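Quick look at final_11.cif (mmCIF, C-alpha atoms):
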data_coords
loop_
_atom_site.label_atom_id
_atom_site.label_comp_id
_atom_site.auth_asym_id
_atom_site.auth_seq_id
_atom_site.Cartn_x
_atom_site.Cartn_y
_atom_site.Cartn_z
CA MET A 1 67.75 166.50 67.15
CA ASN A 2 71.22 166.15 68.45
CA ILE A 3 72.33 162.55 68.94
CA SER A 4 75.87 161.88 69.89
CA ARG A 5 77.80 158.94 68.54
CA ARG A 6 77.56 157.31 71.94
CA HIS A 7 73.74 157.58 71.94
CA MET A 8 73.60 156.24 68.44
CA LEU A 9 75.64 153.20 69.41
CA ILE A 10 73.25 152.44 72.24
CA LEU A 11 70.08 153.11 70.23
CA LEU A 12 70.93 151.02 67.15
CA PRO A 13 70.97 147.57 68.78
CA ALA A 14 67.94 148.46 70.86
CA ALA A 15 66.06 149.44 67.72
CA ALA A 16 67.13 146.21 66.00
CA VAL A 17 65.72 144.16 68.86
CA ALA A 18 62.49 146.13 68.85
CA TRP A 19 62.08 145.64 65.10
CA LYS A 20 62.26 141.86 65.43
CA TYR A 21 59.19 141.98 67.67
CA VAL A 22 57.36 144.37 65.38
CA GLU A 23 57.93 141.96 62.51
CA ALA A 24 56.49 139.03 64.43
CA GLY A 25 53.42 137.88 62.53
CA THR A 26 50.65 135.36 63.12
CA PRO A 27 50.90 131.76 61.88
CA GLU A 28 49.42 130.97 58.52
CA ALA A 29 46.40 128.94 59.48
CA SER A 30 43.40 128.12 57.33
CA PRO A 31 40.99 130.96 56.77
CA ASN A 32 37.87 130.84 58.95
CA TYR A 33 39.52 128.43 61.37
CA GLN A 34 39.67 129.82 64.90
CA MET A 35 41.86 127.80 67.24
CA SER A 36 40.04 129.17 70.28
CA GLU A 37 36.74 127.64 69.09
CA HIS A 38 37.91 124.00 69.11
CA TRP A 39 39.11 121.39 71.57
CA TRP A 40 39.84 118.19 69.71
CA GLY A 41 39.59 114.61 70.89
CA MET A 42 38.72 111.18 69.53
CA LEU A 43 36.03 108.63 70.31
CA ILE A 44 36.98 104.98 69.78
CA ASN A 45 34.18 102.45 69.79
CA ILE A 46 35.76 99.07 70.58
CA PRO A 47 32.72 96.85 69.77
CA LYS A 48 32.65 98.33 66.26
CA CYS A 49 36.29 97.64 65.43
CA ILE A 50 36.79 94.65 63.11
CA GLY A 51 40.59 94.85 62.93
CA CYS A 52 40.75 95.46 59.17
CA GLY A 53 43.73 97.81 59.46
CA ASN A 54 42.19 100.47 57.19
CA CYS A 55 43.05 103.20 59.70
CA VAL A 56 46.70 102.15 59.92
CA ARG A 57 47.09 102.12 56.14
CA ALA A 58 45.22 105.41 55.70
CA CYS A 59 47.40 107.09 58.33
CA ALA A 60 50.56 105.83 56.65
CA THR A 61 49.37 107.14 53.28
CA GLU A 62 48.16 110.50 54.52
CA ASN A 63 51.22 111.24 56.62
CA ASP A 64 54.00 109.41 54.70
CA ILE A 65 54.84 107.13 57.63
CA PRO A 66 57.87 104.93 56.95
CA ASP A 67 57.36 101.15 57.09
CA GLY A 68 57.58 99.72 60.57
CA TYR A 69 56.58 102.97 62.30
CA PHE A 70 53.07 103.85 63.38
CA ARG A 71 51.15 106.94 64.37
CA THR A 72 48.19 104.68 64.94
CA TRP A 73 48.05 100.92 65.26
CA VAL A 74 45.56 98.23 66.22
CA GLU A 75 46.07 95.61 68.91
CA ARG A 76 44.13 92.38 69.23
CA TYR A 77 43.48 91.18 72.74
CA HIS A 78 42.72 87.63 73.70
CA VAL A 79 41.56 87.36 77.29
CA THR A 80 40.72 84.01 78.84
CA ASP A 81 38.09 83.82 81.56
CA THR A 82 40.57 82.99 84.30
CA ASN A 83 43.39 85.30 83.37
CA MET A 84 42.31 88.91 83.15
CA THR A 85 45.68 90.40 84.07
CA THR A 86 47.89 88.83 81.40
CA PRO A 87 45.99 88.99 78.12
CA GLU A 88 47.59 87.78 74.92
CA VAL A 89 48.11 90.88 72.75
CA ILE A 90 49.18 90.80 69.12
CA SER A 91 49.67 93.58 66.58
CA PRO A 92 51.36 92.14 63.48
CA ASP A 93 52.89 95.10 61.59
CA GLY A 94 50.64 97.38 63.63
CA GLY A 95 47.59 95.58 62.27
CA LYS A 96 48.29 97.22 58.90
CA GLU A 97 47.29 94.16 56.88
CA GLY A 98 44.70 92.86 59.30
CA PHE A 99 45.00 89.96 61.70
CA PRO A 100 45.31 86.17 61.43
CA VAL A 101 42.00 84.33 61.65
CA ALA A 102 41.13 83.44 65.25
CA GLN A 103 39.41 80.20 66.19
CA GLU A 104 36.57 80.10 68.65
CA ASP A 105 37.83 79.06 72.08
CA ALA A 106 37.47 79.82 75.74
CA GLY A 107 37.87 83.53 76.28
CA LYS A 108 37.16 86.61 74.27
CA TYR A 109 38.79 88.58 71.51
CA PHE A 110 38.56 92.26 70.76
CA PHE A 111 40.50 94.93 68.86
CA VAL A 112 41.89 98.11 70.40
CA PRO A 113 42.93 100.88 68.01
CA LYS A 114 45.62 103.01 69.58
CA MET A 115 47.00 106.43 68.79
CA CYS A 116 48.14 109.62 70.50
CA ASN A 117 45.64 110.45 73.25
CA HIS A 118 46.20 114.20 72.77
CA CYS A 119 46.43 114.65 76.52
CA ALA A 120 45.52 118.01 77.98
CA ASP A 121 48.25 117.56 80.63
CA SER A 122 50.62 115.64 78.41
CA PRO A 123 53.75 114.15 79.98
CA CYS A 124 55.56 114.29 76.62
CA THR A 125 55.36 118.06 76.21
CA GLN A 126 56.47 118.68 79.78
CA VAL A 127 59.83 116.96 79.32
CA CYS A 128 60.85 118.63 76.06
CA PRO A 129 63.98 120.66 76.83
CA VAL A 130 63.67 123.02 73.85
CA GLY A 131 59.95 123.70 73.42
CA ALA A 132 59.66 121.60 70.27
CA THR A 133 56.48 119.81 71.31
CA PHE A 134 53.43 121.44 72.77
CA VAL A 135 49.67 121.34 73.21
CA SER A 136 48.18 123.71 70.67
CA PRO A 137 45.44 126.15 71.75
CA ASP A 138 42.88 123.77 70.21
CA GLY A 139 44.08 120.80 72.23
CA VAL A 140 46.26 118.89 69.76
CA VAL A 141 49.71 117.69 70.81
CA LEU A 142 52.08 118.69 68.01
CA ILE A 143 55.79 118.60 67.21
CA ASP A 144 57.75 121.42 65.59
CA PRO A 145 60.17 119.38 63.45
CA THR A 146 62.42 122.39 62.86
CA TYR A 147 62.95 122.77 66.60
CA CYS A 148 63.21 119.14 67.70
CA LEU A 149 66.69 117.93 68.59
CA GLY A 150 65.79 114.25 68.49
CA CYS A 151 66.76 113.65 72.12
CA ALA A 152 63.80 111.26 72.52
CA TYR A 153 62.93 112.35 76.06
CA CYS A 154 59.33 112.63 74.90
CA VAL A 155 59.42 109.14 73.39
CA GLN A 156 60.28 107.81 76.83
CA ALA A 157 57.82 110.08 78.62
CA CYS A 158 54.72 109.06 76.68
CA PRO A 159 52.93 106.44 78.79
CA TYR A 160 51.06 105.19 75.73
CA GLY A 161 54.06 104.55 73.47
CA CYS A 162 52.70 106.85 70.79
CA ARG A 163 55.95 108.54 69.76
CA TYR A 164 58.93 107.38 67.76
CA LEU A 165 62.07 108.85 66.28
CA HIS A 166 61.68 109.28 62.54
CA PRO A 167 64.34 107.10 60.89
CA THR A 168 65.36 109.65 58.23
CA LYS A 169 64.36 113.01 59.70
CA HIS A 170 65.86 112.07 63.10
CA VAL A 171 63.21 114.02 64.98
CA ALA A 172 60.36 112.83 67.18
CA ASP A 173 57.20 112.04 65.26
CA LYS A 174 53.63 111.24 66.26
CA CYS A 175 49.95 111.57 65.40
CA THR A 176 48.97 115.17 64.65
CA LEU A 177 45.26 114.26 64.72
CA CYS A 178 45.59 115.12 61.00
CA TYR A 179 45.89 118.77 61.99
CA HIS A 180 46.22 119.72 58.32
CA ARG A 181 42.82 118.12 57.70
CA ILE A 182 40.78 119.09 60.75
CA THR A 183 41.70 122.76 60.30
CA LYS A 184 40.19 122.54 56.80
CA GLY A 185 36.92 121.04 58.04
CA LEU A 186 37.79 117.45 57.11
CA THR A 187 37.95 114.53 59.49
CA THR A 188 41.17 112.62 60.15
CA ALA A 189 42.45 110.08 57.60
CA CYS A 190 41.84 107.18 60.03
CA CYS A 191 38.24 108.25 60.63
CA GLU A 192 37.67 108.79 56.92
CA ALA A 193 38.94 105.29 56.15
CA CYS A 194 37.28 103.42 59.03
CA PRO A 195 34.49 101.34 57.42
CA THR A 196 32.52 100.74 60.62
CA GLY A 197 32.67 104.14 62.30
CA ALA A 198 34.72 102.74 65.16
CA ARG A 199 36.74 105.94 65.22
CA GLN A 200 35.14 109.35 65.41
CA LEU A 201 36.80 112.73 65.56
CA ALA A 202 35.31 114.81 68.38
CA ASP A 203 35.29 118.56 68.89
CA LEU A 204 34.61 119.00 72.59
CA LYS A 205 34.04 122.75 72.26
CA ASN A 206 31.43 122.38 69.55
CA PRO A 207 28.04 122.11 71.30
CA ASN A 208 26.53 120.42 68.22
CA ASP A 209 29.10 117.62 68.11
CA PRO A 210 27.40 114.23 68.73
CA ILE A 211 30.22 113.43 71.16
CA HIS A 212 28.37 115.27 73.93
CA GLU A 213 25.26 113.13 73.62
CA PHE A 214 27.43 110.00 73.44
CA LEU A 215 29.44 110.86 76.53
CA LYS A 216 26.23 111.64 78.41
CA THR A 217 24.64 108.28 77.65
CA HIS A 218 27.52 105.79 77.43
CA PRO A 219 30.18 104.60 79.84
CA VAL A 220 33.56 105.61 78.43
CA GLN A 221 37.09 105.20 79.63
CA VAL A 222 40.50 106.65 78.83
CA LEU A 223 43.73 104.67 78.85
CA LYS A 224 45.76 104.78 82.08
CA PRO A 225 43.48 107.25 83.90
CA GLN A 226 45.63 106.83 87.02
CA MET A 227 48.37 108.80 85.27
CA ALA A 228 46.18 111.93 85.15
CA THR A 229 47.30 112.82 81.65
CA GLY A 230 43.98 114.39 80.68
CA ALA A 231 43.78 111.95 77.75
CA LYS A 232 41.19 112.88 75.11
CA ALA A 233 40.99 109.54 73.30
CA TYR A 234 37.73 108.24 74.75
CA TYR A 235 37.19 104.49 74.56
CA PHE A 236 33.71 102.99 74.62
CA GLY A 237 33.53 99.32 75.57
CA LEU A 238 37.10 99.16 76.83
CA ASP A 239 37.91 95.97 78.70
CA GLY A 240 39.70 96.16 82.04
CA SER A 241 42.53 94.01 80.71
CA VAL A 242 43.65 96.72 78.28
CA ARG A 243 46.72 98.70 79.23
CA MET B 1 87.10 163.26 93.41
CA SER B 2 90.51 161.85 94.01
CA GLY B 3 88.83 158.54 94.92
CA LEU B 4 87.15 158.23 91.51
CA LYS B 5 90.30 159.08 89.63
CA ASP B 6 91.63 155.61 90.20
CA ALA B 7 88.27 153.90 89.48
CA GLY B 8 88.45 154.20 85.68
CA HIS B 9 89.10 150.51 85.23
CA LEU B 10 85.86 149.74 87.05
CA PHE B 11 83.83 151.92 84.69
CA ARG B 12 85.49 150.27 81.69
CA PHE B 13 84.56 146.90 83.13
CA ALA B 14 80.97 148.01 83.71
CA GLY B 15 80.88 149.36 80.15
CA LEU B 16 82.03 145.98 78.87
CA PHE B 17 79.08 144.35 80.67
CA VAL B 18 76.65 146.80 79.11
CA VAL B 19 78.05 146.14 75.63
CA ALA B 20 77.98 142.37 76.17
CA PHE B 21 74.35 142.60 77.31
CA LEU B 22 73.39 144.58 74.21
CA VAL B 23 75.17 142.08 71.96
CA PHE B 24 73.28 139.31 73.74
CA LEU B 25 69.96 141.08 73.09
CA VAL B 26 70.75 141.57 69.41
CA VAL B 27 71.89 137.97 68.88
CA ARG B 28 68.87 136.70 70.81
CA GLY B 29 66.59 138.83 68.67
CA TYR B 30 67.95 137.13 65.58
CA VAL B 31 68.19 133.51 66.68
CA VAL B 32 64.89 133.17 68.56
CA PRO B 33 62.08 132.72 66.01
CA LYS B 34 59.65 135.61 65.80
CA THR B 35 56.66 133.67 66.98
CA PHE B 36 58.35 131.83 69.85
CA GLY B 37 56.24 132.45 72.93
CA GLN B 38 53.19 133.63 71.01
CA TYR B 39 50.97 130.93 72.57
CA GLY B 40 53.40 129.28 74.98
CA HIS B 41 56.93 127.99 75.21
CA TYR B 42 57.11 127.01 71.54
CA ARG B 43 57.24 128.50 68.07
CA GLY B 44 53.70 129.67 67.32
CA ALA B 45 54.23 129.53 63.56
CA ALA B 46 54.82 125.77 63.82
CA ILE B 47 51.04 125.34 64.10
CA GLY B 48 50.56 127.06 60.76
CA ASP B 49 53.37 125.03 59.19
CA ILE B 50 51.70 121.77 60.24
CA ALA B 51 48.26 122.95 59.10
CA LYS B 52 49.61 123.86 55.66
CA ARG B 53 50.43 120.27 54.63
CA PRO B 54 48.42 119.01 51.64
CA VAL B 55 45.68 116.43 52.19
CA LYS B 56 45.67 113.05 50.43
CA PHE B 57 42.21 111.77 51.34
CA ALA B 58 39.68 114.08 49.71
CA GLY B 59 36.79 113.18 52.03
CA HIS B 60 33.52 111.54 51.02
CA GLN B 61 31.69 114.86 50.67
CA THR B 62 34.09 115.78 47.87
CA CYS B 63 33.50 112.46 46.08
CA GLU B 64 29.73 112.70 46.43
CA ALA B 65 29.67 116.14 44.83
CA CYS B 66 30.34 114.53 41.42
CA HIS B 67 29.54 110.83 41.86
CA THR B 68 25.92 111.42 42.82
CA ASP B 69 24.72 108.14 41.26
CA ILE B 70 27.05 106.06 43.43
CA ALA B 71 26.11 108.13 46.47
CA ASP B 72 22.44 107.37 45.82
CA THR B 73 23.11 103.65 45.48
CA LYS B 74 25.13 103.65 48.67
CA THR B 75 22.55 105.37 50.85
CA LYS B 76 20.14 102.48 50.27
CA GLY B 77 22.54 99.73 51.27
CA SER B 78 24.42 98.48 54.28
CA HIS B 79 27.60 100.19 53.09
CA ALA B 80 25.95 103.60 53.44
CA HIS B 81 28.40 104.65 56.12
CA VAL B 82 31.51 103.18 54.51
CA ASN B 83 33.30 106.18 53.05
CA CYS B 84 34.46 106.07 49.41
CA GLU B 85 38.15 106.21 50.20
CA ALA B 86 37.90 103.39 52.74
CA CYS B 87 37.93 101.08 49.70
CA HIS B 88 39.18 103.21 46.81
CA GLY B 89 42.15 104.69 48.66
CA ALA B 90 43.36 108.29 48.97
CA LEU B 91 42.11 110.25 45.96
CA ALA B 92 42.61 113.94 46.68
CA GLN B 93 44.88 114.08 43.62
CA HIS B 94 41.97 112.88 41.48
CA ALA B 95 39.46 115.17 43.16
CA LEU B 96 41.62 118.29 43.06
CA ALA B 97 42.94 117.82 39.52
CA ASP B 98 41.86 120.33 36.89
CA ASP B 99 40.82 117.35 34.81
CA PRO B 100 39.83 114.54 37.19
CA THR B 101 39.69 112.06 34.32
CA SER B 102 43.46 112.43 33.94
CA ILE B 103 43.91 110.47 37.16
CA ILE B 104 41.76 107.36 37.08
CA PRO B 105 42.04 105.28 40.23
CA VAL B 106 42.60 101.54 39.89
CA LYS B 107 39.51 99.55 40.81
CA PRO B 108 40.21 97.45 43.89
CA ASP B 109 40.41 93.68 43.59
CA THR B 110 37.30 92.63 45.49
CA LEU B 111 38.77 89.25 46.49
CA VAL B 112 41.43 91.10 48.48
CA LEU B 113 39.42 94.15 49.47
CA CYS B 114 36.23 92.51 50.70
CA ALA B 115 38.18 89.77 52.49
CA ARG B 116 39.98 92.36 54.63
CA CYS B 117 36.77 93.13 56.45
CA HIS B 118 34.56 90.11 55.82
CA THR B 119 36.86 87.11 56.37
CA ALA B 120 35.34 85.09 59.21
CA SER B 121 37.29 85.24 62.45
CA ALA B 122 36.29 84.57 66.03
CA ALA B 123 38.00 87.84 66.96
CA LYS B 124 35.46 89.95 65.06
CA PRO B 125 32.27 91.31 66.61
CA LYS B 126 29.54 88.64 66.39
CA GLY B 127 27.01 90.77 64.53
CA PHE B 128 29.41 91.66 61.73
CA PRO B 129 28.74 89.79 58.44
CA GLN B 130 31.57 87.32 57.86
CA VAL B 131 32.28 84.55 55.35
CA ASP B 132 35.03 82.04 54.72
CA PRO B 133 36.34 83.32 51.35
CA SER B 134 37.67 79.92 50.21
CA ASP B 135 34.33 78.28 50.92
CA HIS B 136 32.02 81.12 49.80
CA MET B 137 30.90 80.73 46.17
CA GLY B 138 34.07 78.85 45.28
CA GLY B 139 36.20 81.96 45.42
CA ALA B 140 34.37 83.79 42.62
CA PRO B 141 34.92 87.58 42.56
CA CYS B 142 32.55 89.14 45.09
CA GLN B 143 30.95 91.52 42.60
CA THR B 144 29.64 88.57 40.58
CA CYS B 145 26.74 88.52 43.06
CA HIS B 146 27.15 91.62 45.23
CA ASN B 147 27.27 95.27 44.29
CA PRO B 148 30.01 96.60 46.56
CA HIS B 149 28.16 99.92 46.85
CA SER B 150 25.00 98.17 48.06
CA PRO B 151 25.97 94.61 48.87
CA ALA B 152 22.66 93.01 49.87
CA MET B 153 21.44 90.36 47.38
CA GLY B 154 18.51 91.83 45.47
CA SER B 155 17.23 92.67 42.03
CA ASP B 156 17.99 96.38 42.00
CA THR B 157 21.55 96.32 43.22
CA GLY B 158 22.99 96.18 39.72
CA ALA B 159 25.52 93.62 40.81
CA GLY B 160 27.86 92.54 38.06
CA ALA B 161 26.71 95.27 35.66
CA GLY B 162 29.75 96.81 34.08
CA ALA B 163 31.96 95.44 36.77
CA SER B 164 34.84 93.16 36.00
CA PRO B 165 37.50 91.79 38.29
CA ALA B 166 40.19 94.41 38.13
CA ALA B 167 43.86 93.63 38.16
CA GLY B 168 45.97 95.18 40.85
CA GLY B 169 45.76 95.51 44.58
CA ALA B 170 43.19 97.20 46.71
CA LYS B 171 45.16 100.37 47.10
#
Take the structure in the file and write it out as structure tokens.
Amino acid sequence: MNISRRHMLILLPAAAVAWKYVEAGTPEASPNYQMSEHWWGMLINIPKCIGCGNCVRACATENDIPDGYFRTWVERYHVTDTNMTTPEVISPDGGKEGFPVAQEDAGKYFFVPKMCNHCADSPCTQVCPVGATFVSPDGVVLIDPTYCLGCAYCVQACPYGCRYLHPTKHVADKCTLCYHRITKGLTTACCEACPTGARQLADLKNPNDPIHEFLKTHPVQVLKPQMATGAKAYYFGLDGSVR
Amino acid sequence: MSGLKDAGHLFRFAGLFVVAFLVFLVVRGYVVPKTFGQYGHYRGAAIGDIAKRPVKFAGHQTCEACHTDIADTKTKGSHAHVNCEACHGALAQHALADDPTSIIPVKPDTLVLCARCHTASAAKPKGFPQVDPSDHMGGAPCQTCHNPHSPAMGSDTGAGAGASPAAGGAK
């Protein structure tokens, strides 16, 4: 074969580019876990929540969340009979150490655990200028910390306030739905620690998941449905005053 | 041909563009991660990186594999669906250790632990069992009367047996 120096000069860079694509591998996921077979969500049962803060503490432990930042938190609503639109909402330290004792009075109290809604049409992933946050093929909204610039567009875009800038890593951070656990067949840390079963991990692609029977027989709601985010945190017993 | 004779500078310019384009392709090949675009406009390998993180909560199935006696006690009581690590804290280190006895978790202080859930408050669901800890049994440790693994008052709960108020927090 007779290749001139000129041809060689053209071929070498082309070959280098081609080799990079040949080298491209597949991500190291857990064995036996097929992303295409899952579509994750969460069921939150408001009447079961007692506001103990176990989920907030478990999340902080499992994911090394710095103090004062929350991937999940619990809010306590106090709604009086005549004022549905301006409820009194408290969440002392995210509900991490529980809530002050409430006295019986006119109106009702209830707890609302909050977290990333893992939206199918998530506003946060759409605004990322560098492709650092995305919806994974199994429906979990994740952040690539090595790619994130820390511009915080996503923090502003999330209508649920579920993102924050990590104080030491200086990148956006949020609930991963314990992706490192659910891909190993475990449930999330918050679900594992919830003593009343108020939180339940749901696999919407698994026909045997009890979520299907629950959704069929119970009225459920997502937060801010008018924003068409495709939220997958389903709330049972959600009051209209919750935003 | 006389027209092309003076066009040499144009070909050199075009050549420069070709070279610049090739340099761009090579640099791009190196700086864009291999798996970028595998599933979408992001680095596909990031999914694997996130999934690789170690777990800290072992999961109740792991606990029950060894602590079968406690699991049996629990299934009979009202705490049947309260997972082990809801009270005992994250214990994957204990469960995954070659010698689990090398990492013995601290027993939670029941006066703190039980109060987190069972302190009476109007905000809690009405059907949930609640007490005023300062008024209930004069503030004696809960396990004096209740077995935390099966808390109903009864003869076979084994309440108080071998249990002593442990120092330290609930975590």
Which is closer to chain B than all the others in A:Thr80, A:Gln221, A:Ser136, A:Thr85, using only C-alpha atoms?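 That would be A:Ser136, the residue with the smallest distance to chain B.
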All residues 7 Å or closer to His79 in chain B, all atoms listed in the file, same chain fewer than 4 positions away omitted, as a ChimeraX atom specification: /B:74,149-150
Please report as an mmCIF file with C-alpha atoms, keeping the file's coordinate frame which residues of chain B come no farther than 9 Å from chain A, using only C-alpha atoms.
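The resulting selection.cif:
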data_model
loop_
_atom_site.group_PDB
_atom_site.id
_atom_site.type_symbol
_atom_site.label_atom_id
_atom_site.label_comp_id
_atom_site.auth_asym_id
_atom_site.auth_seq_id
_atom_site.Cartn_x
_atom_site.Cartn_y
_atom_site.Cartn_z
ATOM 1 C CA VAL B 19 78.050 146.140 75.630
ATOM 2 C CA LEU B 22 73.390 144.580 74.210
ATOM 3 C CA VAL B 23 75.170 142.080 71.960
ATOM 4 C CA LEU B 25 69.960 141.080 73.090
ATOM 5 C CA VAL B 26 70.750 141.570 69.410
ATOM 6 C CA VAL B 27 71.890 137.970 68.880
ATOM 7 C CA ARG B 28 68.870 136.700 70.810
ATOM 8 C CA GLY B 29 66.590 138.830 68.670
ATOM 9 C CA TYR B 30 67.950 137.130 65.580
ATOM 10 C CA PRO B 33 62.080 132.720 66.010
ATOM 11 C CA LYS B 34 59.650 135.610 65.800
ATOM 12 C CA THR B 35 56.660 133.670 66.980
ATOM 13 C CA GLN B 38 53.190 133.630 71.010
ATOM 14 C CA TYR B 39 50.970 130.930 72.570
ATOM 15 C CA GLY B 40 53.400 129.280 74.980
ATOM 16 C CA HIS B 41 56.930 127.990 75.210
ATOM 17 C CA TYR B 42 57.110 127.010 71.540
ATOM 18 C CA ARG B 43 57.240 128.500 68.070
ATOM 19 C CA GLY B 44 53.700 129.670 67.320
ATOM 20 C CA ALA B 45 54.230 129.530 63.560
ATOM 21 C CA ALA B 46 54.820 125.770 63.820
ATOM 22 C CA ILE B 47 51.040 125.340 64.100
ATOM 23 C CA GLY B 48 50.560 127.060 60.760
ATOM 24 C CA ASP B 49 53.370 125.030 59.190
ATOM 25 C CA ILE B 50 51.700 121.770 60.240
ATOM 26 C CA ALA B 51 48.260 122.950 59.100
ATOM 27 C CA LYS B 52 49.610 123.860 55.660
ATOM 28 C CA ARG B 53 50.430 120.270 54.630
ATOM 29 C CA PRO B 54 48.420 119.010 51.640
ATOM 30 C CA VAL B 55 45.680 116.430 52.190
ATOM 31 C CA LYS B 56 45.670 113.050 50.430
ATOM 32 C CA PHE B 57 42.210 111.770 51.340
ATOM 33 C CA ALA B 58 39.680 114.080 49.710
ATOM 34 C CA GLY B 59 36.790 113.180 52.030
ATOM 35 C CA HIS B 60 33.520 111.540 51.020
ATOM 36 C CA HIS B 79 27.600 100.190 53.090
ATOM 37 C CA HIS B 81 28.400 104.650 56.120
ATOM 38 C CA VAL B 82 31.510 103.180 54.510
ATOM 39 C CA ASN B 83 33.300 106.180 53.050
ATOM 40 C CA CYS B 84 34.460 106.070 49.410
ATOM 41 C CA GLU B 85 38.150 106.210 50.200
ATOM 42 C CA ALA B 86 37.900 103.390 52.740
ATOM 43 C CA CYS B 87 37.930 101.080 49.700
ATOM 44 C CA GLY B 89 42.150 104.690 48.660
ATOM 45 C CA ALA B 90 43.360 108.290 48.970
ATOM 46 C CA ARG B 116 39.980 92.360 54.630
ATOM 47 C CA CYS B 117 36.770 93.130 56.450
ATOM 48 C CA HIS B 118 34.560 90.110 55.820
ATOM 49 C CA THR B 119 36.860 87.110 56.370
ATOM 50 C CA ALA B 120 35.340 85.090 59.210
ATOM 51 C CA SER B 121 37.290 85.240 62.450
ATOM 52 C CA ALA B 122 36.290 84.570 66.030
ATOM 53 C CA ALA B 123 38.000 87.840 66.960
ATOM 54 C CA LYS B 124 35.460 89.950 65.060
ATOM 55 C CA PRO B 125 32.270 91.310 66.610
ATOM 56 C CA PHE B 128 29.410 91.660 61.730
#
Here is a test: counting all atoms listed in the file, which residue of B:Cys142, B:Cys66, B:Leu91, B:Ala80 is nearest to Ile103 in chain B? B:Leu91
Tell me, in Å to one decimal, how far CA of Lys107 in chain B is from CA of Met137 in chain B.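 CA of Lys107 in chain B sits 21.4 Å away from CA of Met137 in chain B.
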Determine the residue set returned by the PyMOL selection byres ((chain A and resi 171) around 12) for the present structure, and present it as a ChimeraX atom specification. /A:132-133,143-155,163-170,172-174
Given the PyMOL selection byres ((chain A and resi 72) around 8) and the file above, list the residues it selects as a list in words.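 That selection, the PyMOL selection byres ((chain A and resi 72) around 8), comes back as Cys55, Val56, Cys59, Phe70, Arg71, Trp73, Val74, Gly94, Pro113, Lys114, Met115, Cys116, Cys162 and Cys175 of chain A.
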Ser241 in chain A environment, 8 Å, all atoms listed in the file, sequence neighbours closer than 6 positions dropped, as a list in words: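 After dropping sequence-adjacent residues, the list is Val79, Met84, Thr85, Thr86 and Pro87 of chain A.
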Given the file shown, determine the residues that the PyMOL selection byres ((chain B and resi 136) around 12) selects; report them as a list of chain:residue names.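 Applied to this file, the PyMOL selection byres ((chain B and resi 136) around 12) returns B:Leu111, B:Ala115, B:His118, B:Thr119, B:Ala120, B:Gln130, B:Val131, B:Asp132, B:Pro133, B:Ser134, B:Asp135, B:Met137, B:Gly138, B:Gly139, B:Ala140, B:Pro141, B:Cys142, B:Cys145.
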Take CA of Ile44 in chain A and CA of Leu238 in chain A and report the distance between them in Å, one decimal.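 One can read the CA of Ile44 in chain A to CA of Leu238 in chain A distance as 9.1 Å.
Across B:Leu113, B:His94, B:Phe11, B:Asn147, the tightest approach to Ile70 in chain B is made by B:Asn147 when counting all atoms listed in the file.
Counting only C-alpha atoms, Ala157 in chain A has the following residues at most 8 Å away, ignoring those fewer than 4 positions along the same chain: Pro123, Cys124, Val127 and Tyr153 of chain A.
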Could you tell me how far CA of Gln93 in chain B sits from CA of His67 in chain B, in Å to one decimal place? 15.8 Å
Can you pull out the residues contacting Ser122 in chain A? Cut-off 8 Å, using only C-alpha atoms, and skip same-chain residues under 2 positions away; I want them as a PDB file with C-alpha atoms, in the coordinates of the input.
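Once written, out_34.pdb looks like this:
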ATOM      1  CA  HIS A 118      46.200 114.200  72.770  1.00  0.00           C
ATOM      2  CA  CYS A 119      46.430 114.650  76.520  1.00  0.00           C
ATOM      3  CA  ALA A 120      45.520 118.010  77.980  1.00  0.00           C
ATOM      4  CA  CYS A 124      55.560 114.290  76.620  1.00  0.00           C
ATOM      5  CA  THR A 125      55.360 118.060  76.210  1.00  0.00           C
ATOM      6  CA  GLN A 126      56.470 118.680  79.780  1.00  0.00           C
ATOM      7  CA  VAL A 135      49.670 121.340  73.210  1.00  0.00           C
ATOM      8  CA  VAL A 141      49.710 117.690  70.810  1.00  0.00           C
ATOM      9  CA  CYS A 158      54.720 109.060  76.680  1.00  0.00           C
ATOM     10  CA  THR A 229      47.300 112.820  81.650  1.00  0.00           C
ATOM     11  CA  GLY A 230      43.980 114.390  80.680  1.00  0.00           C
ATOM     12  CA  ALA A 231      43.780 111.950  77.750  1.00  0.00           C
TER      13      ALA A 231
END
